[in-house]
$ cat target01.cif   # mmCIF, C-alpha atoms
data_entry
loop_
_atom_site.group_PDB
_atom_site.id
_atom_site.type_symbol
_atom_site.label_atom_id
_atom_site.label_comp_id
_atom_site.auth_asym_id
_atom_site.auth_seq_id
_atom_site.Cartn_x
_atom_site.Cartn_y
_atom_site.Cartn_z
ATOM 1 C CA MET Z 734 -9.822 14.891 -37.387
ATOM 2 C CA ASN Z 735 -9.185 11.692 -35.554
ATOM 3 C CA ALA Z 736 -6.007 13.116 -34.075
ATOM 4 C CA LEU Z 737 -7.889 16.170 -32.913
ATOM 5 C CA ILE Z 738 -10.434 14.041 -31.094
ATOM 6 C CA PHE Z 739 -7.625 12.010 -29.624
ATOM 7 C CA ALA Z 740 -5.823 15.113 -28.421
ATOM 8 C CA ALA Z 741 -8.990 16.460 -26.891
ATOM 9 C CA ASP Z 742 -9.714 13.120 -25.254
ATOM 10 C CA VAL Z 743 -6.347 12.520 -23.670
ATOM 11 C CA ASN Z 744 -5.098 14.731 -20.900
ATOM 12 C CA VAL Z 745 -1.389 14.950 -21.754
ATOM 13 C CA ALA Z 746 -0.319 16.377 -18.421
ATOM 14 C CA GLN Z 747 -2.100 13.553 -16.617
ATOM 15 C CA ASN Z 748 -0.317 10.921 -18.708
ATOM 16 C CA VAL Z 749 3.128 12.477 -18.315
ATOM 17 C CA GLY Z 750 2.613 12.863 -14.595
ATOM 18 C CA PHE Z 751 1.415 9.299 -14.305
ATOM 19 C CA TYR Z 752 4.470 7.814 -15.996
ATOM 20 C CA ILE Z 753 6.982 9.933 -14.077
ATOM 21 C CA ILE Z 754 5.364 9.124 -10.715
ATOM 22 C CA ALA Z 755 4.943 5.457 -11.657
ATOM 23 C CA ALA Z 756 8.651 5.131 -12.524
ATOM 24 C CA ILE Z 757 9.658 6.724 -9.219
ATOM 25 C CA MET Z 758 7.234 4.475 -7.338
ATOM 26 C CA LEU Z 759 8.472 1.268 -8.962
ATOM 27 C CA PHE Z 760 12.111 2.162 -8.290
ATOM 28 C CA ALA Z 761 11.311 2.985 -4.668
ATOM 29 C CA ALA Z 762 9.246 -0.184 -4.202
ATOM 30 C CA ILE Z 763 12.068 -2.358 -5.544
ATOM 31 C CA SER Z 764 14.420 -0.526 -3.204
ATOM 32 C CA VAL Z 765 12.109 -1.284 -0.263
ATOM 33 C CA VAL Z 766 12.352 -5.012 -0.874
ATOM 34 C CA SER Z 767 16.031 -5.092 -1.879
ATOM 35 C CA THR Z 768 17.949 -2.718 0.387
ATOM 36 C CA LYS Z 769 20.000 -4.181 3.223
ATOM 37 C CA ASN Z 770 19.351 -1.303 5.609
ATOM 38 C CA VAL Z 771 16.063 -1.372 7.516
ATOM 39 C CA VAL Z 772 15.932 2.418 8.003
ATOM 40 C CA HIS Z 773 16.550 2.981 4.283
ATOM 41 C CA ALA Z 774 13.736 0.555 3.490
ATOM 42 C CA ALA Z 775 11.381 2.611 5.683
ATOM 43 C CA LEU Z 776 12.422 5.841 3.961
ATOM 44 C CA TRP Z 777 11.939 4.306 0.493
ATOM 45 C CA LEU Z 778 8.508 3.198 1.668
ATOM 46 C CA VAL Z 779 7.729 6.881 2.333
ATOM 47 C CA VAL Z 780 8.507 7.592 -1.344
ATOM 48 C CA VAL Z 781 6.154 4.805 -2.464
ATOM 49 C CA LEU Z 782 3.341 6.007 -0.194
ATOM 50 C CA GLY Z 783 3.761 9.592 -1.378
ATOM 51 C CA GLY Z 784 3.685 8.384 -4.976
ATOM 52 C CA VAL Z 785 0.460 6.510 -4.303
ATOM 53 C CA ALA Z 786 -1.030 9.709 -2.860
ATOM 54 C CA ALA Z 787 0.037 11.579 -6.009
ATOM 55 C CA GLN Z 788 -1.626 8.927 -8.161
ATOM 56 C CA TYR Z 789 -4.813 9.359 -6.144
ATOM 57 C CA ILE Z 790 -4.773 13.060 -6.999
ATOM 58 C CA LEU Z 791 -4.302 12.178 -10.691
ATOM 59 C CA ALA Z 792 -7.293 9.859 -10.372
ATOM 60 C CA ALA Z 793 -9.428 12.643 -8.869
ATOM 61 C CA ALA Z 794 -9.513 11.185 -5.349
ATOM 62 C CA GLU Z 795 -8.330 14.179 -3.357
ATOM 63 C CA PHE Z 796 -9.918 13.163 -0.065
ATOM 64 C CA VAL Z 797 -8.340 9.706 -0.186
ATOM 65 C CA ALA Z 798 -4.993 11.307 -1.106
ATOM 66 C CA VAL Z 799 -5.044 13.592 1.917
ATOM 67 C CA SER Z 800 -6.081 10.672 4.138
ATOM 68 C CA GLN Z 801 -3.218 8.630 2.689
ATOM 69 C CA VAL Z 802 -0.700 11.362 3.519
ATOM 70 C CA MET Z 803 -2.027 11.837 7.044
ATOM 71 C CA VAL Z 804 -2.486 8.181 7.977
ATOM 72 C CA TYR Z 805 0.417 6.514 6.174
ATOM 73 C CA ILE Z 806 3.150 9.126 5.964
ATOM 74 C CA GLY Z 807 2.099 10.789 9.206
ATOM 75 C CA ALA Z 808 1.217 7.919 11.509
ATOM 76 C CA VAL Z 809 2.204 4.545 10.074
ATOM 77 C CA MET Z 810 5.730 5.610 9.150
ATOM 78 C CA VAL Z 811 6.316 6.988 12.653
ATOM 79 C CA LEU Z 812 5.173 3.603 14.011
ATOM 80 C CA PHE Z 813 7.576 1.838 11.643
ATOM 81 C CA LEU Z 814 10.514 4.016 12.624
ATOM 82 C CA PHE Z 815 9.743 3.450 16.320
ATOM 83 C CA GLY Z 816 9.510 -0.288 15.670
ATOM 84 C CA ILE Z 817 12.873 -0.263 13.903
ATOM 85 C CA MET Z 818 14.510 1.747 16.668
ATOM 86 C CA LEU Z 819 13.127 -0.476 19.433
ATOM 87 C CA THR Z 820 14.046 -3.797 17.803
ATOM 88 C CA ARG Z 821 17.434 -3.070 16.421
ATOM 89 C CA ALA Z 822 20.757 -2.470 18.130
ATOM 90 C CA SER Z 823 23.117 -1.440 15.337
ATOM 91 C CA ILE Z 824 22.724 1.340 12.791
ATOM 92 C CA GLY Z 825 24.011 0.290 9.395
ATOM 93 C CA ASP Z 826 23.669 -2.583 7.014
ATOM 94 C CA ASP Z 827 22.364 -5.886 8.258
ATOM 95 C CA THR Z 828 23.830 -8.938 6.640
ATOM 96 C CA ASP Z 829 20.876 -11.222 7.251
ATOM 97 C CA VAL Z 830 17.734 -9.313 6.343
ATOM 98 C CA ASN Z 831 16.809 -11.963 3.765
ATOM 99 C CA ASN Z 832 15.791 -15.555 4.179
ATOM 100 C CA LYS Z 833 18.102 -18.287 2.984
ATOM 101 C CA GLY Z 834 15.766 -19.162 0.137
ATOM 102 C CA TRP Z 835 14.946 -15.571 -0.800
ATOM 103 C CA ALA Z 836 15.631 -16.104 -4.512
ATOM 104 C CA ILE Z 837 12.514 -18.266 -4.801
ATOM 105 C CA GLY Z 838 10.567 -15.008 -4.394
ATOM 106 C CA ILE Z 839 11.752 -13.698 -7.774
ATOM 107 C CA PRO Z 840 10.031 -16.333 -9.953
ATOM 108 C CA VAL Z 841 6.967 -16.210 -7.699
ATOM 109 C CA GLY Z 842 6.728 -12.424 -8.043
ATOM 110 C CA VAL Z 843 7.339 -12.477 -11.801
ATOM 111 C CA ALA Z 844 4.766 -15.232 -12.336
ATOM 112 C CA PHE Z 845 2.282 -13.348 -10.179
ATOM 113 C CA PHE Z 846 2.803 -10.188 -12.179
ATOM 114 C CA GLY Z 847 2.427 -12.130 -15.404
ATOM 115 C CA VAL Z 848 -0.927 -13.602 -14.380
ATOM 116 C CA LEU Z 849 -2.214 -10.264 -13.071
ATOM 117 C CA ALA Z 850 -1.032 -8.346 -16.138
ATOM 118 C CA TYR Z 851 -2.571 -10.888 -18.508
ATOM 119 C CA SER Z 852 -5.944 -10.789 -16.799
ATOM 120 C CA VAL Z 853 -5.945 -6.992 -16.422
ATOM 121 C CA ILE Z 854 -5.022 -6.385 -20.048
ATOM 122 C CA ASP Z 855 -7.516 -9.020 -21.172
ATOM 123 C CA ALA Z 856 -10.347 -7.371 -19.245
ATOM 124 C CA PHE Z 857 -9.625 -3.634 -19.522
ATOM 125 C CA GLU Z 858 -7.580 -3.311 -22.704
ATOM 126 C CA ASP Z 859 -9.776 -0.700 -24.348
ATOM 127 C CA THR Z 860 -11.225 1.021 -21.304
ATOM 128 C CA VAL Z 861 -10.475 4.736 -21.428
ATOM 129 C CA LEU Z 862 -10.847 6.636 -18.190
ATOM 130 C CA VAL Z 863 -13.022 9.709 -18.143
ATOM 131 C CA ASP Z 864 -10.966 12.873 -17.954
ATOM 132 C CA PRO Z 865 -11.174 13.655 -14.238
ATOM 133 C CA SER Z 866 -10.621 17.376 -14.734
ATOM 134 C CA GLY Z 867 -14.369 17.845 -15.113
ATOM 135 C CA ALA Z 868 -16.803 19.324 -12.653
ATOM 136 C CA GLN Z 869 -18.157 16.108 -11.160
ATOM 137 C CA ILE Z 870 -15.270 15.801 -8.683
ATOM 138 C CA ALA Z 871 -16.297 18.881 -6.762
ATOM 139 C CA SER Z 872 -18.901 16.833 -4.941
ATOM 140 C CA ALA Z 873 -16.703 13.773 -4.332
ATOM 141 C CA THR Z 874 -16.168 14.510 -0.651
ATOM 142 C CA THR Z 875 -19.879 15.141 -0.195
ATOM 143 C CA ALA Z 876 -20.633 11.824 -1.870
ATOM 144 C CA ILE Z 877 -18.082 10.044 0.362
ATOM 145 C CA SER Z 878 -19.684 11.418 3.506
ATOM 146 C CA ASP Z 879 -23.138 10.521 2.175
ATOM 147 C CA GLY Z 880 -21.900 6.975 1.625
ATOM 148 C CA TYR Z 881 -20.375 6.704 5.086
ATOM 149 C CA LEU Z 882 -23.434 8.043 6.877
ATOM 150 C CA GLY Z 883 -25.853 6.253 4.548
ATOM 151 C CA ASP Z 884 -25.257 2.848 2.994
ATOM 152 C CA TYR Z 885 -22.016 2.145 4.862
ATOM 153 C CA LEU Z 886 -22.995 3.292 8.345
ATOM 154 C CA ILE Z 887 -22.913 -0.200 9.901
ATOM 155 C CA PRO Z 888 -19.451 -1.020 8.438
ATOM 156 C CA LEU Z 889 -18.234 2.364 9.664
ATOM 157 C CA ILE Z 890 -19.359 1.606 13.222
ATOM 158 C CA ALA Z 891 -17.829 -1.875 12.994
ATOM 159 C CA LEU Z 892 -14.602 -0.277 11.783
ATOM 160 C CA SER Z 893 -14.527 2.017 14.791
ATOM 161 C CA PHE Z 894 -14.765 -1.060 17.031
ATOM 162 C CA VAL Z 895 -11.939 -2.692 15.078
ATOM 163 C CA LEU Z 896 -9.766 0.386 15.655
ATOM 164 C CA LEU Z 897 -10.643 0.396 19.357
ATOM 165 C CA ALA Z 898 -9.812 -3.297 19.678
ATOM 166 C CA ALA Z 899 -6.544 -2.771 17.786
ATOM 167 C CA ALA Z 900 -5.512 0.117 20.053
ATOM 168 C CA VAL Z 901 -6.318 -1.820 23.228
ATOM 169 C CA GLY Z 902 -4.675 -4.965 21.846
ATOM 170 C CA ALA Z 903 -1.506 -3.103 20.875
ATOM 171 C CA ILE Z 904 -1.248 -1.623 24.376
ATOM 172 C CA VAL Z 905 -1.822 -5.017 26.007
ATOM 173 C CA LEU Z 906 0.741 -6.726 23.767
ATOM 174 C CA ALA Z 907 3.467 -4.117 24.098
ATOM 175 C CA ARG Z 908 3.061 -3.437 27.816
ATOM 176 C CA LYS Z 909 5.903 -4.497 30.087
ATOM 177 C CA ASP Z 910 4.934 -6.411 33.201
ATOM 178 C CA MET T 1135 -5.660 7.863 -20.164
ATOM 179 C CA TYR T 1136 -6.164 4.123 -20.227
ATOM 180 C CA ALA T 1137 -7.457 2.198 -17.243
ATOM 181 C CA VAL T 1138 -4.740 -0.434 -17.633
ATOM 182 C CA ASN T 1139 -2.111 2.144 -16.625
ATOM 183 C CA PHE T 1140 -3.337 2.246 -13.058
ATOM 184 C CA LEU T 1141 -4.152 -1.461 -12.949
ATOM 185 C CA LEU T 1142 -0.735 -2.538 -14.260
ATOM 186 C CA LEU T 1143 1.052 -0.214 -11.834
ATOM 187 C CA SER T 1144 -0.845 -1.693 -8.923
ATOM 188 C CA ALA T 1145 -0.208 -5.231 -10.203
ATOM 189 C CA ALA T 1146 3.516 -4.458 -10.239
ATOM 190 C CA LEU T 1147 3.379 -3.033 -6.715
ATOM 191 C CA PHE T 1148 1.477 -6.129 -5.559
ATOM 192 C CA SER T 1149 4.062 -8.478 -7.061
ATOM 193 C CA ILE T 1150 6.931 -6.538 -5.497
ATOM 194 C CA GLY T 1151 5.155 -6.751 -2.150
ATOM 195 C CA VAL T 1152 4.654 -10.508 -2.517
ATOM 196 C CA PHE T 1153 8.352 -10.882 -3.298
ATOM 197 C CA GLY T 1154 9.185 -8.878 -0.166
ATOM 198 C CA VAL T 1155 6.958 -11.042 2.027
ATOM 199 C CA ILE T 1156 8.658 -14.180 0.696
ATOM 200 C CA ALA T 1157 12.224 -12.899 0.710
ATOM 201 C CA ARG T 1158 12.502 -10.886 3.912
ATOM 202 C CA ARG T 1159 13.636 -12.348 7.202
ATOM 203 C CA ASN T 1160 13.222 -9.234 9.360
ATOM 204 C CA ALA T 1161 9.642 -9.006 10.692
ATOM 205 C CA VAL T 1162 9.476 -5.209 10.325
ATOM 206 C CA MET T 1163 10.471 -5.475 6.668
ATOM 207 C CA VAL T 1164 7.760 -8.088 6.094
ATOM 208 C CA LEU T 1165 5.243 -5.619 7.541
ATOM 209 C CA MET T 1166 6.547 -2.967 5.101
ATOM 210 C CA SER T 1167 5.989 -5.364 2.196
ATOM 211 C CA ILE T 1168 2.432 -5.941 3.418
ATOM 212 C CA GLU T 1169 1.955 -2.159 3.313
ATOM 213 C CA LEU T 1170 3.032 -2.217 -0.342
ATOM 214 C CA ILE T 1171 0.395 -4.876 -1.067
ATOM 215 C CA LEU T 1172 -2.363 -2.948 0.719
ATOM 216 C CA ASN T 1173 -1.467 0.235 -1.158
ATOM 217 C CA SER T 1174 -1.624 -1.540 -4.501
ATOM 218 C CA VAL T 1175 -5.118 -2.751 -3.628
ATOM 219 C CA ASN T 1176 -6.117 0.812 -2.746
ATOM 220 C CA LEU T 1177 -4.792 2.062 -6.069
ATOM 221 C CA ASN T 1178 -6.908 -0.577 -7.796
ATOM 222 C CA LEU T 1179 -10.010 0.508 -5.886
ATOM 223 C CA ILE T 1180 -9.482 4.148 -6.854
ATOM 224 C CA ALA T 1181 -8.968 3.155 -10.493
ATOM 225 C CA PHE T 1182 -12.194 1.148 -10.482
ATOM 226 C CA ALA T 1183 -14.018 4.100 -8.939
ATOM 227 C CA LEU T 1184 -12.789 6.183 -11.865
ATOM 228 C CA ILE T 1185 -13.711 3.511 -14.440
ATOM 229 C CA ASN T 1186 -17.249 3.099 -13.124
ATOM 230 C CA ASN T 1187 -17.647 6.770 -12.189
ATOM 231 C CA ASP T 1188 -18.841 5.623 -8.777
ATOM 232 C CA ILE T 1189 -17.774 6.888 -5.366
ATOM 233 C CA ASP T 1190 -17.896 3.499 -3.619
ATOM 234 C CA GLY T 1191 -14.277 2.772 -4.536
ATOM 235 C CA HIS T 1192 -13.148 5.792 -2.533
ATOM 236 C CA ILE T 1193 -15.158 4.577 0.467
ATOM 237 C CA PHE T 1194 -13.619 1.099 0.305
ATOM 238 C CA ALA T 1195 -10.146 2.606 -0.077
ATOM 239 C CA LEU T 1196 -10.657 4.607 3.106
ATOM 240 C CA PHE T 1197 -11.818 1.438 4.878
ATOM 241 C CA VAL T 1198 -8.654 -0.324 3.734
ATOM 242 C CA ILE T 1199 -6.499 2.583 4.962
ATOM 243 C CA ALA T 1200 -8.092 2.376 8.429
ATOM 244 C CA ILE T 1201 -7.718 -1.407 8.602
ATOM 245 C CA ALA T 1202 -4.073 -1.104 7.500
ATOM 246 C CA ALA T 1203 -3.379 1.386 10.283
ATOM 247 C CA ALA T 1204 -4.866 -1.005 12.854
ATOM 248 C CA GLU T 1205 -2.905 -3.896 11.354
ATOM 249 C CA VAL T 1206 0.394 -2.036 11.602
ATOM 250 C CA GLY T 1207 -0.291 -1.081 15.201
ATOM 251 C CA VAL T 1208 -1.027 -4.631 16.319
ATOM 252 C CA GLY T 1209 1.734 -6.091 14.100
ATOM 253 C CA LEU T 1210 4.439 -3.834 15.502
ATOM 254 C CA ALA T 1211 3.244 -4.515 19.066
ATOM 255 C CA MET T 1212 3.608 -8.236 18.338
ATOM 256 C CA VAL T 1213 7.076 -7.655 16.887
ATOM 257 C CA LEU T 1214 8.088 -5.727 20.008
ATOM 258 C CA MET T 1215 6.822 -8.552 22.225
ATOM 259 C CA ILE T 1216 8.711 -11.155 20.192
ATOM 260 C CA TYR T 1217 11.840 -9.014 20.373
ATOM 261 C CA ARG T 1218 11.552 -8.717 24.151
ATOM 262 C CA ASN T 1219 11.113 -12.461 24.576
ATOM 263 C CA ARG T 1220 13.723 -13.683 22.101
ATOM 264 C CA ARG T 1221 16.080 -10.699 21.467
ATOM 265 C CA SER T 1222 15.565 -11.257 17.739
ATOM 266 C CA ILE T 1223 12.896 -10.561 15.135
ATOM 267 C CA ALA T 1224 14.145 -13.074 12.573
ATOM 268 C CA LEU T 1225 11.076 -14.857 11.331
ATOM 269 C CA ASP T 1226 12.790 -18.133 10.436
ATOM 270 C CA GLY T 1227 13.863 -18.561 14.066
ATOM 271 C CA LEU T 1228 10.291 -18.429 15.270
ATOM 272 C CA SER T 1229 9.134 -21.910 14.329
ATOM 273 C CA GLU T 1230 9.083 -23.876 17.551
ATOM 274 C CA MET T 1231 7.245 -26.936 16.299
ATOM 275 C CA HIS T 1232 9.894 -29.314 15.032
ATOM 276 C CA GLY T 1233 8.110 -32.329 13.607
#

$ encode --input "target01.cif" --output "structure tokens"
Amino acid sequence: MNALIFAADVNVAQNVGFYIIAAIMLFAAISVVSTKNVVHAALWLVVVLGGVAAQYILAAAEFVAVSQVMVYIGAVMVLFLFGIMLTRASIGDDTDVNNKGWAIGIPVGVAFFGVLAYSVIDAFEDTVLVDPSGAQIASATTAISDGYLGDYLIPLIALSFVLLAAAVGAIVLARKD
Amino acid sequence: MYAVNFLLLSAALFSIGVFGVIARRNAVMVLMSIELILNSVNLNLIAFALINNDIDGHIFALFVIAIAAAEVGVGLAMVLMIYRNRRSIALDGLSEMHG
């Protein structure tokens, strides 16, 4: 009986998909910070960003997933590839992409992960997510637009000014004169 | 599915991004590591939206995506300017204040 409830509670496809995508994402993220080739790092970053978008879909956030694909994979990665092309003479491996004391980052990262994992497991050990394959997601995009044009209207307008300032600032910084 | 799955994945992505920020010397690669960190935060926000069954997490995630796009634009413009002035984007060569 218990097993039946468990099987009805847990969406097996969601779990299997999560672990496969998570493994790919972790491998790609480690490749981003460990490869010697800047272009390869950018292409591994595409894999990570696509994996994040897939996780959003698993977590029933379709609108955010589509925004992630359009903004990150569409726009930000093009900016990165332009930045790499414009700041780099040779194609191939660079010998000095890391700092001299780069190894100090390993214990810092591991300690950081340890603290985060301890606190996360301590706080959310038994929290089971609701199965997102229900009907309440159908109105998620409506709820997002209600939030943007309701409670979060002032932050949205402020954000549009931030984007305007960033665009003007980027042009001013990168202009040749 | 347990909530810790998403939260542990984003903690791992965050730690990898912190390692990249510390270890990398190339300014463009440091910006890529910052993107990893911002994405892990977004994943956390989406997971919390699912835990609390509240849409606000999605809204904050979209705010973070927009801010990240602006940050990359300005950051890469700064990197281009540094490259034009110094012919190098190595971050450890940028400290001009020798005490």

$ atom_distance --input "target01.cif" --atom1 "atom CA of Z:Ala898" --atom2 "atom CA of T:Arg1218"
22.5 Å

$ interface_residues --input "target01.cif" --of "chain Z" --to "chain T" --cutoff "6 Å" --atoms "all atoms listed in the file" --output "ChimeraX atom specification"
/Z:743,766,830-832,835,838,842,846,860-862,896,899,903,906-907

$ write_last_selection --input "target01.cif" --atoms "C-alpha atoms" --output "mmCIF file, in the frame of the given file"
data_model
loop_
_atom_site.group_PDB
_atom_site.id
_atom_site.type_symbol
_atom_site.label_atom_id
_atom_site.label_comp_id
_atom_site.auth_asym_id
_atom_site.auth_seq_id
_atom_site.Cartn_x
_atom_site.Cartn_y
_atom_site.Cartn_z
ATOM 1 C CA VAL Z 743 -6.347 12.520 -23.670
ATOM 2 C CA VAL Z 766 12.352 -5.012 -0.874
ATOM 3 C CA VAL Z 830 17.734 -9.313 6.343
ATOM 4 C CA ASN Z 831 16.809 -11.963 3.765
ATOM 5 C CA ASN Z 832 15.791 -15.555 4.179
ATOM 6 C CA TRP Z 835 14.946 -15.571 -0.800
ATOM 7 C CA GLY Z 838 10.567 -15.008 -4.394
ATOM 8 C CA GLY Z 842 6.728 -12.424 -8.043
ATOM 9 C CA PHE Z 846 2.803 -10.188 -12.179
ATOM 10 C CA THR Z 860 -11.225 1.021 -21.304
ATOM 11 C CA VAL Z 861 -10.475 4.736 -21.428
ATOM 12 C CA LEU Z 862 -10.847 6.636 -18.190
ATOM 13 C CA LEU Z 896 -9.766 0.386 15.655
ATOM 14 C CA ALA Z 899 -6.544 -2.771 17.786
ATOM 15 C CA ALA Z 903 -1.506 -3.103 20.875
ATOM 16 C CA LEU Z 906 0.741 -6.726 23.767
ATOM 17 C CA ALA Z 907 3.467 -4.117 24.098
#

$ resolve_selection --input "target01.cif" --expression "the PyMOL selection byres ((chain Z and resi 802) around 12)" --output "JSON, numbers by chain"
{"Z": [779, 780, 781, 782, 783, 784, 785, 786, 787, 788, 789, 790, 795, 796, 797, 798, 799, 800, 801, 803, 804, 805, 806, 807, 808, 809, 810], "T": [1199]}

$ resolve_selection --input "target01.cif" --expression "the PyMOL selection byres ((chain Z and resi 889) around 12)" --output "MDAnalysis selection string"
(chainID Z and resid 878 880:888 890:896) or (chainID T and resid 1193:1194 1196:1198 1200:1201)
